[in-house]
Amino acid sequence: MTKTANKMEKNRRDGSFYINPYLGGVLLGLVLFGTYYITGRGLGASGAVKSTVVTSVNVVAPEHAMKSGYYSKFLSDDSSPMNNWLVFEVLGVLAGAFLSGTIYGRLKFKVEHSPKITSRHRLIAALAGGMLFGIGSQLARGCTSGAALSGMAVLSASGIVTMLAIFGSAYLFGWIFKKLWI
Amino acid sequence: MNKRYIVLTFIALAVGAGMLFMPETSRNKEINPQQLLNAIDDPSRFLSTDLITDRLVKKDPALLLIDVRPETQFKAFAIPGALNVPLDSLLTPSSMAMLSNKDVDKVFYSNADATADQAWIIAKRAGFETIFVMQGGLNKWFNDIVKAEEPAATEPVEQLARYQFRIGARQHFFGSPEVKAEVVAPPKKAVQIIKKPVEASSGGGC
Amino acid sequence: MTGPLIPMEMIPEAWNNVIAVLLGMAFGFTLEASGFSSSRKIMGTFFGYDFVVLRVFFTAGITAMSGIIYFDYMGWMDASMLYINPYYVTSAIVGGIVMGGGFALGGFCPGTSFCGVAIGKIDAILFTAGLFIGIFIFSEFYPVLSTMYNSENLGDLKIYEMLGMRKTVFAFLLVLAAVGMFYGAGFIEKKVKKVEY
């Protein structure tokens with residue numbers, strides 16, 4: 001009895017323990033459902049980054065922001081774009097993930113990469129990947145959380161089509177960039 | 001481990017199958033009759049031909065011009081840039097999807113006002129918003145823009161400005177070679193289009 | 001107490017942001033606890049050695065979807081008030097393809113990259129930085145992209161409308177498909193070489 005208890009203690013702290021994916025899925029589904037039930041909207045992630053970009057550009061170069069076709073959509077006279085549901089949600093995401101990392105012992109500064117490439121390669125690829133994802137997320141008006149996941153919950157055509165495009169393309173490009181991963 | 005997953009599979013399938021037994025409730029969001037009557041009386045649901053023309057020339061992306069006449073009439077002549085949704089196909093799923101975008105102004109027109117008005121009432125009753133009727137219909141548009149008549153010299157300046165605006169629009173649509181118009185600033189009656197769309201809050205789920 | 005609560009004004013708007021933070025925390029916690037802060041774990045779905053993304057994603061999707069459909073049926077929630085992203089055909093597909101490329105290069109998506117940032121993964125930090133740059137680039141090039149961005153708007157089309165089936169039939173098929181994929185995933189995982197990460 002104590003031996004399994006000890007094993008569980010050790011497992012829970014060294015950073016290698018992850019909860020059962022189906023359990024995680026159900027919990028995430030409940031969170032998503034709760035979000036729709038309470039707010040009438042789904043979860044999101046890229047929207048908060050967009051708000052930050054819009055606010056930054058507005059602070060640094062307000063006339064450029066007002067003239068631009070894109071930034072001006074999100075600027076209003078009464079409140080900052082940062083006063084936005086998604087921004088607060090993302091702050092929560094950071095906090096929640098930090099909490100989980102603390103409990104399961106995963107807080108560590110490191111670069112995670114396949115043994116076939118160097119750290120530097122990985123970081124460059126991550127930066128490039130982020131840039132592509134940023135562009136794509138604006139085109140598709142959402143990312144995997146906002147469009148695909150929330151879209152599936154409400155059976156939105158836009159969300160599901162975007163999701164299929166993301167996964168299909170990721171499979172294709174994943175095999176092209178295989179060396180980055182395996 | 002395996003037994004647990006088999007149980008979960010059954011639960012998932014049961015939940016899924018349960019949904020199959022739900023009756024088909026088509027809950028249309030119909031607005032109540034009093035609201036509909038008030039909306040019909042509201043004159044702002046009519047947009048003038050000049051305003052529509054101005055927005056067409058400026059290629060306003062928030063304008064969707066819908067021709068509700070039968071297809072044969074549409075093919076014979078229609079306002080450039082208009083979409084054809086005959087009155088009897090107004091409530092098909094694809095056209096309803098088009099009508100549901102609140103950020104775009106949907107403007108109905110027909111030859112006069114009768115059919116466009118019918119389309120407007122049907123759409124309003126079904127709960128769609130930002131819908132309008134182009135006042136006077138195609139007849140007025142044709143008279144105003146295509147057959148614009150030069151006002152007499154005794155008419156007020158506004159008339160002249162409006163006439164030149166219409167000539168310019170005609171040239172824009174049909175490239176009429178005879179009249180070389182310098183388009184004066186649009187008549188003061190026209191509403192300036194502020195390109196600040198409605199959704200300034202979060203603009204879409206991400 | 002019919003949902004959705006805030007649009008129905010059952011909860012004052014001032015609570016909006018507090019609720020956002022709390023839901024976000026639950027979101028972040030669940031993601032990280034399932035392993036979504038590790039890019040190599042995430043990419044496992046695309047190579048067959050770890051299907052955690054598939055399992056969590058689709059389980060979450062069908063759980064939330066079923067919840068919404070049942071609550072709507074019982075009258076506890078008005079599903080027609082839920083926000084649906086407008087479907088701009090070309091933009092959605094092209095954006096998805098571009099995102100897939102970014103996913104394959106970076107190994108993250110925005111939500112998971114935030115989890116990675118929260119626990120100190122430097123590759124996640126760079127991915128997030130890339131997000132900012134990418135969005136900035138898009139905004140600057142918006143005049144060029146805006147025709148495609150605004151083209152072919154089909155409004156808040158639902159997937160079952162697009163395919164011409166009843167909502168509940170599609171939902172059931174989706175559940176079936178998800179369960180099928182889970183079994184398939186387990187099968188593939190057994191056949192694929194183990195990868196240490």
# chains A, B, ... in the order shown; residues from 1 in each chain; ligands from 1
>>> interface_residues(of="chain A", to="chain B", cutoff="8 Å", atoms="only C-alpha atoms", output="PyMOL selection string")
chain A and resi 41-47+72-76+81+84-86+137+141-143+145-147
>>> interface_residues(of="chain B", to="chain C", cutoff="8 Å", atoms="only C-alpha atoms", output="number ranges by chain")
B: 9, 12-13, 15-17, 19-20, 22, 24, 93-94, 97-101, 204-205
>>> residues_around(residues="Leu94 (chain A)", least_positions_apart="5", cutoff="7 Å", atoms="only C-alpha atoms", output="PyMOL selection string")
chain C and resi 28+114-115+118
>>> write_last_selection(atoms="N, CA and C atoms", output="tab-separated table (two decimals), in the first residue's frame")
chain	number	residue	atom	x	y	z
C	28	GLY	N	-6.02	26.80	-18.84
C	28	GLY	CA	-4.57	26.65	-18.81
C	28	GLY	C	-4.14	25.47	-17.98
C	114	PHE	N	1.17	29.51	-24.73
C	114	PHE	CA	1.07	30.24	-23.47
C	114	PHE	C	1.37	29.31	-22.30
C	115	CYS	N	0.90	28.05	-22.40
C	115	CYS	CA	1.21	27.11	-21.34
C	115	CYS	C	2.71	26.88	-21.26
C	118	ALA	N	4.35	29.73	-19.59
C	118	ALA	CA	4.11	29.77	-18.15
C	118	ALA	C	5.05	28.85	-17.39
>>> select_by_dssp(residues="region 35-142 of chain C", states="alpha helix (DSSP H)", output="PyMOL selection string")
chain C and resi 39-47+52-73+89-106+110-119+122-140+142
>>> closest_residue(among="A:Val111, A:Ile19, A:Ile103, A:Ile124", to="Tyr197 (chain C)", atoms="only C-alpha atoms")
A:Val111
>>> residues_around(residues="Ala97 (chain A)", least_positions_apart="2", cutoff="12 Å", atoms="only C-alpha atoms", output="PyMOL selection string")
(chain A and resi 90-95+99-107) or (chain C and resi 24-38+111-121)
>>> closest_residue(among="A:Gly15, A:Lys178, A:Leu28, A:Asn83", to="chain C", atoms="only C-alpha atoms")
A:Leu28
>>> select_by_dssp(residues="region 34-201 of chain B", states="strand (DSSP E)", output="number ranges by chain")
B: 46-47, 63-67, 83-84, 105-109, 131-134
>>> write_last_selection(atoms="C-alpha atoms", output="tab-separated table (two decimals), in the first residue's frame")
chain	number	residue	atom	x	y	z
B	46	PHE	CA	-35.64	53.16	-47.05
B	47	LEU	CA	-32.39	54.16	-48.64
B	63	LEU	CA	-23.20	46.97	-48.77
B	64	LEU	CA	-24.98	43.97	-50.25
B	65	LEU	CA	-27.45	44.90	-52.98
B	66	ILE	CA	-30.07	42.19	-53.52
B	67	ASP	CA	-32.27	42.05	-56.61
B	83	LEU	CA	-26.90	39.79	-56.34
B	84	ASN	CA	-29.99	37.98	-57.54
B	105	ASP	CA	-26.29	46.30	-44.97
B	106	LYS	CA	-28.58	44.22	-47.14
B	107	VAL	CA	-30.62	46.38	-49.51
B	108	PHE	CA	-33.50	44.90	-51.46
B	109	TYR	CA	-34.71	46.35	-54.73
B	131	ILE	CA	-32.07	45.18	-43.98
B	132	PHE	CA	-33.30	48.01	-46.18
B	133	VAL	CA	-35.27	48.82	-49.29
B	134	MET	CA	-33.93	51.00	-52.08
>>> closest_residue(among="C:Asp123, C:Asp50, C:Glu196, C:Glu189", to="chain A", atoms="only C-alpha atoms")
C:Asp123
